[in-house]
>>> print(open('model_4.cif').read())   # mmCIF, C-alpha atoms
data_final
#
loop_
_atom_site.group_PDB
_atom_site.id
_atom_site.type_symbol
_atom_site.label_atom_id
_atom_site.label_comp_id
_atom_site.auth_asym_id
_atom_site.auth_seq_id
_atom_site.Cartn_x
_atom_site.Cartn_y
_atom_site.Cartn_z
ATOM 1 C CA MET A 1 -32.814 67.708 54.151
ATOM 2 C CA LEU A 2 -36.240 68.496 52.720
ATOM 3 C CA GLY A 3 -36.184 71.851 54.492
ATOM 4 C CA GLU A 4 -32.699 72.633 53.264
ATOM 5 C CA LEU A 5 -33.794 72.217 49.662
ATOM 6 C CA PHE A 6 -35.719 75.495 49.939
ATOM 7 C CA GLU A 7 -33.091 78.005 51.011
ATOM 8 C CA GLU A 8 -34.688 81.247 49.824
ATOM 9 C CA ARG A 9 -38.175 80.600 51.269
ATOM 10 C CA ALA A 10 -39.199 78.023 53.806
ATOM 11 C CA LEU A 11 -41.184 75.039 52.553
ATOM 12 C CA LYS A 12 -43.916 75.826 55.097
ATOM 13 C CA ASP A 13 -44.429 79.292 53.593
ATOM 14 C CA LEU A 14 -44.621 77.879 50.080
ATOM 15 C CA LEU A 15 -47.260 75.353 51.163
ATOM 16 C CA PHE A 16 -49.395 78.025 52.815
ATOM 17 C CA GLU A 17 -49.144 80.234 49.734
ATOM 18 C CA SER A 18 -50.147 77.369 47.441
ATOM 19 C CA ILE A 19 -53.243 76.734 49.563
ATOM 20 C CA GLN A 20 -54.309 80.407 49.695
ATOM 21 C CA TYR A 21 -53.398 81.623 46.215
ATOM 22 C CA GLY A 22 -52.792 78.452 44.217
ATOM 23 C CA GLU A 23 -55.558 79.245 41.743
ATOM 24 C CA GLN A 24 -53.840 82.462 40.601
ATOM 25 C CA GLU A 25 -51.723 81.833 37.496
ATOM 26 C CA ASP A 26 -48.859 84.118 38.477
ATOM 27 C CA VAL A 27 -48.642 82.568 41.960
ATOM 28 C CA LYS A 28 -48.819 79.075 40.486
ATOM 29 C CA ALA A 29 -45.999 79.840 38.054
ATOM 30 C CA ARG A 30 -43.857 81.306 40.835
ATOM 31 C CA LEU A 31 -44.428 78.244 43.028
ATOM 32 C CA PHE A 32 -43.581 75.831 40.209
ATOM 33 C CA GLN A 33 -40.368 77.761 39.556
ATOM 34 C CA ALA A 34 -39.396 77.606 43.246
ATOM 35 C CA VAL A 35 -40.056 73.872 43.483
ATOM 36 C CA ASP A 36 -38.297 73.046 40.198
ATOM 37 C CA GLY A 37 -35.248 74.989 41.287
ATOM 38 C CA ALA A 38 -35.186 73.302 44.690
ATOM 39 C CA VAL A 39 -35.317 69.739 43.361
ATOM 40 C CA ASP A 40 -32.839 70.295 40.560
ATOM 41 C CA GLN A 41 -30.565 67.251 40.246
ATOM 42 C CA ARG A 42 -27.377 69.266 40.712
ATOM 43 C CA HIS A 43 -28.824 70.901 43.811
ATOM 44 C CA LEU A 44 -29.798 67.522 45.257
ATOM 45 C CA LEU A 45 -26.349 66.018 44.611
ATOM 46 C CA ASP A 46 -24.634 68.998 46.230
ATOM 47 C CA LEU A 47 -26.829 68.662 49.299
ATOM 48 C CA LEU A 48 -26.264 64.906 49.549
ATOM 49 C CA GLU A 49 -22.526 65.392 49.282
ATOM 50 C CA LYS A 50 -22.629 67.979 52.057
ATOM 51 C CA ARG A 51 -24.724 65.767 54.356
ATOM 52 C CA GLN A 52 -23.051 62.411 53.733
ATOM 53 C CA ILE A 53 -21.355 60.790 56.722
ATOM 54 C CA THR A 54 -18.348 59.536 54.783
ATOM 55 C CA GLY A 55 -16.766 60.300 51.452
ATOM 56 C CA ASP A 56 -15.543 56.742 50.889
ATOM 57 C CA THR A 57 -16.826 55.020 47.756
ATOM 58 C CA MET A 58 -16.152 51.560 46.373
ATOM 59 C CA PRO A 59 -13.878 51.563 43.312
ATOM 60 C CA GLN A 60 -15.351 50.168 40.115
ATOM 61 C CA ALA A 61 -12.741 47.394 40.052
ATOM 62 C CA ARG A 62 -13.844 46.306 43.529
ATOM 63 C CA VAL A 63 -17.495 46.287 42.487
ATOM 64 C CA GLN A 64 -16.606 44.121 39.486
ATOM 65 C CA ALA A 65 -14.611 41.725 41.680
ATOM 66 C CA LEU A 66 -17.537 41.366 44.099
ATOM 67 C CA ARG A 67 -19.931 40.706 41.219
ATOM 68 C CA LEU A 68 -17.668 37.967 39.845
ATOM 69 C CA ALA A 69 -17.307 36.470 43.329
ATOM 70 C CA MET A 70 -21.098 36.349 43.704
ATOM 71 C CA GLU A 71 -21.496 34.727 40.282
ATOM 72 C CA ARG A 72 -18.782 32.208 41.165
ATOM 73 C CA ALA A 73 -20.513 31.366 44.451
ATOM 74 C CA GLU A 74 -23.809 30.868 42.597
ATOM 75 C CA ALA A 75 -22.112 28.541 40.092
ATOM 76 C CA GLN A 76 -20.602 26.483 42.897
ATOM 77 C CA ARG A 77 -23.852 26.184 44.819
ATOM 78 C CA LEU A 78 -25.428 22.764 44.725
ATOM 79 C CA GLN A 79 -28.648 23.314 42.783
ATOM 80 C CA PRO A 80 -31.903 21.600 43.876
ATOM 81 C CA HIS A 81 -32.324 19.853 40.512
ATOM 82 C CA HIS A 82 -28.889 18.234 40.930
ATOM 83 C CA ILE A 83 -29.932 16.881 44.341
ATOM 84 C CA GLN A 84 -33.256 15.658 42.942
ATOM 85 C CA SER A 85 -31.657 13.906 39.977
ATOM 86 C CA PHE A 86 -29.152 12.098 42.194
ATOM 87 C CA PHE A 87 -31.521 11.238 45.041
ATOM 88 C CA VAL A 88 -34.389 9.820 42.978
ATOM 89 C CA GLU A 89 -32.109 7.524 40.959
ATOM 90 C CA ALA A 90 -29.995 6.420 43.920
ATOM 91 C CA PHE A 91 -33.005 5.906 46.204
ATOM 92 C CA ARG A 92 -34.660 3.610 43.662
ATOM 93 C CA ARG A 93 -31.448 1.618 43.151
ATOM 94 C CA LEU A 94 -31.255 1.079 46.893
ATOM 95 C CA GLY A 95 -34.741 -0.409 46.902
ATOM 96 C CA GLY A 96 -36.785 2.665 47.799
ATOM 97 C CA GLN A 97 -40.200 3.386 46.330
ATOM 98 C CA ILE A 98 -40.710 6.995 45.239
ATOM 99 C CA LYS A 99 -43.296 8.432 42.841
ATOM 100 C CA PRO A 100 -43.895 11.943 41.452
ATOM 101 C CA ARG A 101 -46.979 13.709 42.787
ATOM 102 C CA GLU A 102 -47.716 17.413 42.300
ATOM 103 C CA GLU A 103 -45.228 19.472 40.286
ATOM 104 C CA GLY A 104 -41.878 19.395 42.056
ATOM 105 C CA ARG A 105 -43.182 17.133 44.835
ATOM 106 C CA TRP A 106 -42.790 13.411 45.431
ATOM 107 C CA GLY A 107 -44.275 10.716 47.620
ATOM 108 C CA ILE A 108 -42.202 7.973 49.291
ATOM 109 C CA THR A 109 -44.187 4.843 50.074
ATOM 110 C CA HIS A 110 -41.276 2.729 51.307
ATOM 111 C CA VAL A 111 -37.897 3.558 52.883
ATOM 112 C CA PRO A 112 -35.717 0.401 52.759
ATOM 113 C CA LEU A 113 -34.664 -1.164 56.042
ATOM 114 C CA ARG A 114 -30.969 -0.901 55.188
ATOM 115 C CA LEU A 115 -31.312 2.858 54.704
ATOM 116 C CA ARG A 116 -32.946 3.184 58.117
ATOM 117 C CA GLN A 117 -30.183 1.069 59.627
ATOM 118 C CA GLN A 118 -27.569 3.235 57.922
ATOM 119 C CA ASP A 119 -29.214 6.301 59.424
ATOM 120 C CA ARG A 120 -29.006 4.759 62.911
ATOM 121 C CA GLN A 121 -25.258 4.341 62.435
ATOM 122 C CA ILE A 122 -24.413 7.784 61.012
ATOM 123 C CA GLY A 123 -27.376 9.981 61.953
ATOM 124 C CA SER A 124 -27.546 12.353 64.888
ATOM 125 C CA GLY A 125 -31.079 13.728 64.558
ATOM 126 C CA ALA A 126 -34.583 12.331 64.190
ATOM 127 C CA PRO A 127 -34.647 8.779 62.773
ATOM 128 C CA LEU A 128 -35.894 8.056 59.266
ATOM 129 C CA GLN A 129 -39.548 7.268 58.841
ATOM 130 C CA ARG A 130 -40.836 4.232 56.981
ATOM 131 C CA LYS A 131 -42.601 6.460 54.455
ATOM 132 C CA TYR A 132 -43.108 10.148 53.626
ATOM 133 C CA GLU A 133 -46.386 11.517 52.315
ATOM 134 C CA ARG A 134 -44.580 14.322 50.489
ATOM 135 C CA ILE A 135 -40.995 15.404 49.925
ATOM 136 C CA CYS A 136 -39.568 18.166 47.754
ATOM 137 C CA PHE A 137 -36.213 19.613 46.774
ATOM 138 C CA GLU A 138 -37.091 23.321 46.565
ATOM 139 C CA LYS A 139 -38.184 25.582 49.412
ATOM 140 C CA GLY A 140 -41.033 26.998 47.372
ATOM 141 C CA LYS A 141 -42.688 23.569 47.185
ATOM 142 C CA ILE A 142 -42.859 22.947 50.957
ATOM 143 C CA ASN A 143 -45.990 24.793 52.100
ATOM 144 C CA GLN A 144 -48.734 23.265 50.023
ATOM 145 C CA GLN A 145 -51.515 20.929 51.044
ATOM 146 C CA SER A 146 -49.672 18.133 52.834
ATOM 147 C CA VAL A 147 -46.540 19.956 53.928
ATOM 148 C CA ALA A 148 -43.482 18.388 52.272
ATOM 149 C CA ALA A 149 -40.156 17.472 53.869
ATOM 150 C CA LEU A 150 -37.332 19.388 52.196
ATOM 151 C CA VAL A 151 -34.611 16.965 51.070
ATOM 152 C CA CYS A 152 -31.406 19.004 51.022
ATOM 153 C CA PRO A 153 -27.836 18.636 52.311
ATOM 154 C CA GLY A 154 -28.119 17.716 55.985
ATOM 155 C CA HIS A 155 -31.448 15.864 55.699
ATOM 156 C CA PRO A 156 -30.993 12.399 57.270
ATOM 157 C CA MET A 157 -32.475 10.563 54.285
ATOM 158 C CA LEU A 158 -30.140 12.249 51.787
ATOM 159 C CA GLU A 159 -27.165 11.678 54.092
ATOM 160 C CA ALA A 160 -28.050 7.985 54.446
ATOM 161 C CA VAL A 161 -28.386 7.589 50.666
ATOM 162 C CA ILE A 162 -25.030 9.303 50.054
ATOM 163 C CA SER A 163 -23.356 7.155 52.710
ATOM 164 C CA MET A 164 -24.634 3.903 51.201
ATOM 165 C CA VAL A 165 -23.771 4.927 47.643
ATOM 166 C CA CYS A 166 -20.232 5.782 48.744
ATOM 167 C CA GLU A 167 -19.843 2.454 50.556
ATOM 168 C CA GLN A 168 -21.039 0.465 47.561
ATOM 169 C CA ASN A 169 -19.201 2.417 44.862
ATOM 170 C CA ASP A 170 -16.084 3.813 46.496
ATOM 171 C CA HIS A 171 -13.888 1.577 44.324
ATOM 172 C CA LEU A 172 -15.397 3.188 41.228
ATOM 173 C CA MET A 173 -14.336 6.618 42.476
ATOM 174 C CA GLN A 174 -10.738 5.409 42.541
ATOM 175 C CA GLN A 175 -11.093 3.595 39.216
ATOM 176 C CA GLY A 176 -12.376 6.681 37.447
ATOM 177 C CA ALA A 177 -14.091 7.003 34.074
ATOM 178 C CA VAL A 178 -13.481 8.167 30.518
ATOM 179 C CA LEU A 179 -15.375 11.371 29.781
ATOM 180 C CA ILE A 180 -15.640 13.664 26.762
ATOM 181 C CA ASP A 181 -15.481 17.457 26.818
ATOM 182 C CA ASP A 182 -17.516 18.585 23.799
ATOM 183 C CA THR A 183 -16.454 22.207 24.358
ATOM 184 C CA ASP A 184 -12.794 21.330 23.719
ATOM 185 C CA ASP A 185 -11.780 20.995 20.059
ATOM 186 C CA GLY A 186 -8.411 19.461 20.970
ATOM 187 C CA ASN A 187 -7.532 15.772 21.016
ATOM 188 C CA ILE A 188 -5.238 15.658 24.053
ATOM 189 C CA VAL A 189 -6.052 13.244 26.864
ATOM 190 C CA SER A 190 -5.742 14.728 30.351
ATOM 191 C CA ALA A 191 -6.464 13.441 33.847
ATOM 192 C CA LEU A 192 -9.013 15.339 35.913
ATOM 193 C CA PHE A 193 -9.112 14.912 39.680
ATOM 194 C CA LEU A 194 -11.825 15.953 42.102
ATOM 195 C CA LEU A 195 -10.452 16.741 45.562
ATOM 196 C CA GLU A 196 -12.399 17.379 48.746
ATOM 197 C CA HIS A 197 -10.752 19.545 51.400
ATOM 198 C CA GLY A 198 -12.143 19.034 54.874
ATOM 199 C CA VAL A 199 -11.346 21.346 57.810
ATOM 200 C CA GLN A 200 -11.824 19.815 61.277
ATOM 201 C CA ASP A 201 -11.715 21.581 64.633
ATOM 202 C CA GLY A 202 -10.931 18.518 66.763
ATOM 203 C CA ARG A 203 -14.342 18.211 68.444
ATOM 204 C CA PRO A 204 -15.993 14.822 67.780
ATOM 205 C CA THR A 205 -19.624 14.577 66.696
ATOM 206 C CA ASN A 206 -22.189 12.340 68.400
ATOM 207 C CA PRO A 207 -21.206 9.242 66.363
ATOM 208 C CA GLY A 208 -17.576 9.925 67.352
ATOM 209 C CA LYS A 209 -16.471 11.246 63.951
ATOM 210 C CA PRO A 210 -14.405 14.438 63.515
ATOM 211 C CA ASN A 211 -16.401 17.652 63.446
ATOM 212 C CA VAL A 212 -16.027 19.134 59.948
ATOM 213 C CA ILE A 213 -16.463 22.921 60.024
ATOM 214 C CA SER A 214 -15.689 23.629 56.372
ATOM 215 C CA GLN A 215 -15.545 21.707 53.106
ATOM 216 C CA LYS A 216 -14.272 22.719 49.697
ATOM 217 C CA LEU A 217 -14.157 20.984 46.317
ATOM 218 C CA GLN A 218 -11.266 21.503 43.946
ATOM 219 C CA PHE A 219 -10.849 20.262 40.378
ATOM 220 C CA THR A 220 -7.273 19.691 39.251
ATOM 221 C CA ALA A 221 -6.036 18.647 35.799
ATOM 222 C CA VAL A 222 -2.807 16.912 34.782
ATOM 223 C CA ASP A 223 -1.567 16.949 31.188
ATOM 224 C CA PRO A 224 0.727 14.359 29.520
ATOM 225 C CA SER A 225 3.805 16.459 30.355
ATOM 226 C CA GLY A 226 2.997 16.195 34.065
ATOM 227 C CA GLN A 227 1.934 19.824 34.474
ATOM 228 C CA VAL A 228 -0.708 20.256 37.202
ATOM 229 C CA ALA A 229 -3.205 23.138 37.219
ATOM 230 C CA ASN A 230 -6.556 24.155 38.653
ATOM 231 C CA ALA A 231 -9.303 23.021 36.293
ATOM 232 C CA GLY A 232 -11.827 25.714 37.158
ATOM 233 C CA ILE A 233 -14.979 25.898 39.223
ATOM 234 C CA ALA A 234 -17.112 23.170 37.655
ATOM 235 C CA PRO A 235 -15.461 21.545 34.617
ATOM 236 C CA HIS A 236 -17.506 18.379 35.114
ATOM 237 C CA LEU A 237 -20.597 20.216 33.811
ATOM 238 C CA ASN A 238 -19.044 20.129 30.322
ATOM 239 C CA LEU A 239 -18.279 16.402 30.476
ATOM 240 C CA ARG A 240 -20.330 13.433 29.319
ATOM 241 C CA PRO A 241 -19.687 9.680 29.428
ATOM 242 C CA ALA A 242 -17.659 8.453 26.484
ATOM 243 C CA ALA A 243 -19.307 6.043 24.056
ATOM 244 C CA ARG A 244 -17.731 2.676 23.366
ATOM 245 C CA HIS A 245 -16.299 3.743 20.007
ATOM 246 C CA GLU A 246 -14.827 6.887 21.575
ATOM 247 C CA ILE A 247 -13.056 4.842 24.244
ATOM 248 C CA GLU A 248 -11.694 2.502 21.590
ATOM 249 C CA ALA A 249 -10.398 5.502 19.614
ATOM 250 C CA VAL A 250 -8.228 6.691 22.528
ATOM 251 C CA GLU A 251 -7.466 3.303 24.108
ATOM 252 C CA ASP A 252 -3.757 3.554 23.257
ATOM 253 C CA HIS A 253 -3.562 6.941 24.982
ATOM 254 C CA LEU A 254 -5.322 5.593 28.079
ATOM 255 C CA ASN A 255 -2.574 2.984 28.487
ATOM 256 C CA GLU A 256 0.307 5.439 28.355
ATOM 257 C CA ASP A 257 2.835 5.332 31.190
ATOM 258 C CA TRP A 258 2.084 8.820 32.506
ATOM 259 C CA LEU A 259 -1.534 7.835 33.239
ATOM 260 C CA ARG A 260 -0.346 4.747 35.106
ATOM 261 C CA SER A 261 2.031 6.698 37.347
ATOM 262 C CA ASP A 262 1.133 7.887 40.844
ATOM 263 C CA LEU A 263 -0.770 10.949 39.659
ATOM 264 C CA GLU A 264 -2.861 11.017 42.813
ATOM 265 C CA LYS A 265 0.196 11.759 44.948
ATOM 266 C CA THR A 266 1.228 14.574 42.585
ATOM 267 C CA VAL A 267 -2.233 16.102 42.671
ATOM 268 C CA MET A 268 -2.480 15.858 46.462
ATOM 269 C CA GLN A 269 0.819 17.710 46.811
ATOM 270 C CA PHE A 270 -0.404 20.397 44.419
ATOM 271 C CA ALA A 271 -3.666 20.778 46.359
ATOM 272 C CA THR A 272 -1.807 21.081 49.661
ATOM 273 C CA VAL A 273 0.435 23.844 48.318
ATOM 274 C CA THR A 274 -2.420 25.811 46.713
ATOM 275 C CA LEU A 275 -4.828 25.561 49.647
ATOM 276 C CA ASP A 276 -5.949 28.941 50.939
ATOM 277 C CA ARG A 277 -3.221 30.196 53.281
ATOM 278 C CA PRO A 278 -5.519 32.060 55.736
ATOM 279 C CA MET A 279 -7.388 28.775 56.197
ATOM 280 C CA TRP A 280 -4.132 27.115 57.255
ATOM 281 C CA GLN A 281 -3.558 29.812 59.832
ATOM 282 C CA ARG A 282 -7.061 29.649 61.310
ATOM 283 C CA CYS A 283 -7.469 25.879 61.563
ATOM 284 C CA ALA A 284 -5.473 23.241 63.322
ATOM 285 C CA THR A 285 -6.334 20.294 61.092
ATOM 286 C CA VAL A 286 -6.648 20.384 57.308
ATOM 287 C CA ALA A 287 -7.135 17.156 55.399
ATOM 288 C CA VAL A 288 -7.500 16.418 51.694
ATOM 289 C CA ARG A 289 -9.776 13.457 52.108
ATOM 290 C CA LYS A 290 -10.782 12.031 48.755
ATOM 291 C CA SER A 291 -9.643 12.122 45.180
ATOM 292 C CA THR A 292 -11.336 10.977 42.023
ATOM 293 C CA ARG A 293 -9.565 10.497 38.725
ATOM 294 C CA TRP A 294 -11.230 11.054 35.381
ATOM 295 C CA SER A 295 -9.619 10.847 31.987
ATOM 296 C CA ARG A 296 -10.766 13.643 29.751
ATOM 297 C CA ARG A 297 -10.349 13.985 26.007
#
>>> encode(input="model_4.cif", output="structure tokens")
Amino acid sequence: MLGELFEERALKDLLFESIQYGEQEDVKARLFQAVDGAVDQRHLLDLLEKRQITGDTMPQARVQALRLAMERAEAQRLQPHHIQSFFVEAFRRLGGQIKPREEGRWGITHVPLRLRQQDRQIGSGAPLQRKYERICFEKGKINQQSVAALVCPGHPMLEAVISMVCEQNDHLMQQGAVLIDDTDDGNIVSALFLLEHGVQDGRPTNPGKPNVISQKLQFTAVDPSGQVANAGIAPHLNLRPAARHEIEAVEDHLNEDWLRSDLEKTVMQFATVTLDRPMWQRCATVAVRKSTRWSRR
């Protein structure tokens, strides 16, 4: 392509001439004119168009859709600070001893026996240690003096903590909570459900549990009229626990008949109907495993 830019005179000839006569003003001007004309933007675009392998281009609407899909995927990704916030609090409540060390790094001086026993029951990899010199929640914090263990989804210690928290507090997930959406100026009470779709391929794991090949979270809202709708990607990020006086202010609404009906069944049916159709076709077993009810004002 570089050679084709110079159609009137070969690039090699121009280079030789610049070496031999480059100090002469008229030669220098002629060479500059030849080079400027060769690398003109219009000339370059014409040459690229002629040499391109395909003429297909991505429509602007498609580019915009891909950008939104990437932003949506980033919003749905479980951020390291969310994992850290949950793990540190839960680990301490379960009797673990963890202390901050360098920035973004922690030291664990004691892993409770019941956590290690839980890992023996559900784990399939290396067993939990009694203590960890350093752990972290971000990849960039691993390779420092005293290499840190990265606690992320799939790490046996995080999985053991999640398993124990679920066992101890599963009834609270069904009981739900009263939360406030400060971004909503309305005063209507709605029920917000968190559903977890699990896709299994029928092959059991080492502990004998179904092999989950895909998981998806879905937020679904129900209004007082019984209308069910998707609640968006992460509506829980706008919610906060309601104060006592706020709960008292809406207590009559929380005791209404529609909230005491079998909303979970309605939501499960909605989730089954709206589940991605190609996923149904590819997988033999699709289960909506858990649901959590929140009341939102």
>>> closest_residue(input="model_4.cif", among="A:His155, A:Arg105, A:His110, A:Lys216", to="Ala126 (chain A)", atoms="all atoms listed in the file")
A:His155
>>> residues_near_point(input="model_4.cif", point="(-33.2, 17.2, 44.9)", cutoff="12 Å", atoms="only C-alpha atoms", output="VMD selection string")
chain A and resid 78 to 91 104 to 106 135 to 139 141 149 to 153 155 157 to 158
>>> atom_distance(input="model_4.cif", atom1="CA of Ala160 (chain A)", atom2="CA of Met173 (chain A)")
18.3 Å
>>> closest_atom_pairs(input="model_4.cif", of="region 171-270 of chain A", to="region 59-73 of chain A", cutoff="12 Å", atoms="all atoms listed in the file", output="Markdown table")
| residue | atom | partner | partner_atom | distance |
| --- | --- | --- | --- | --- |
| A:Lys216 | CA | A:Ala73 | CA | 11.9 |
| A:Gly232 | CA | A:Arg72 | CA | 10.3 |
| A:Ile233 | CA | A:Arg72 | CA | 7.6 |
| A:Ala234 | CA | A:Arg72 | CA | 9.8 |
>>> atom_distance(input="model_4.cif", atom1="CA of Ala242 (chain A)", atom2="CA of Asn169 (chain A)")
19.4 Å
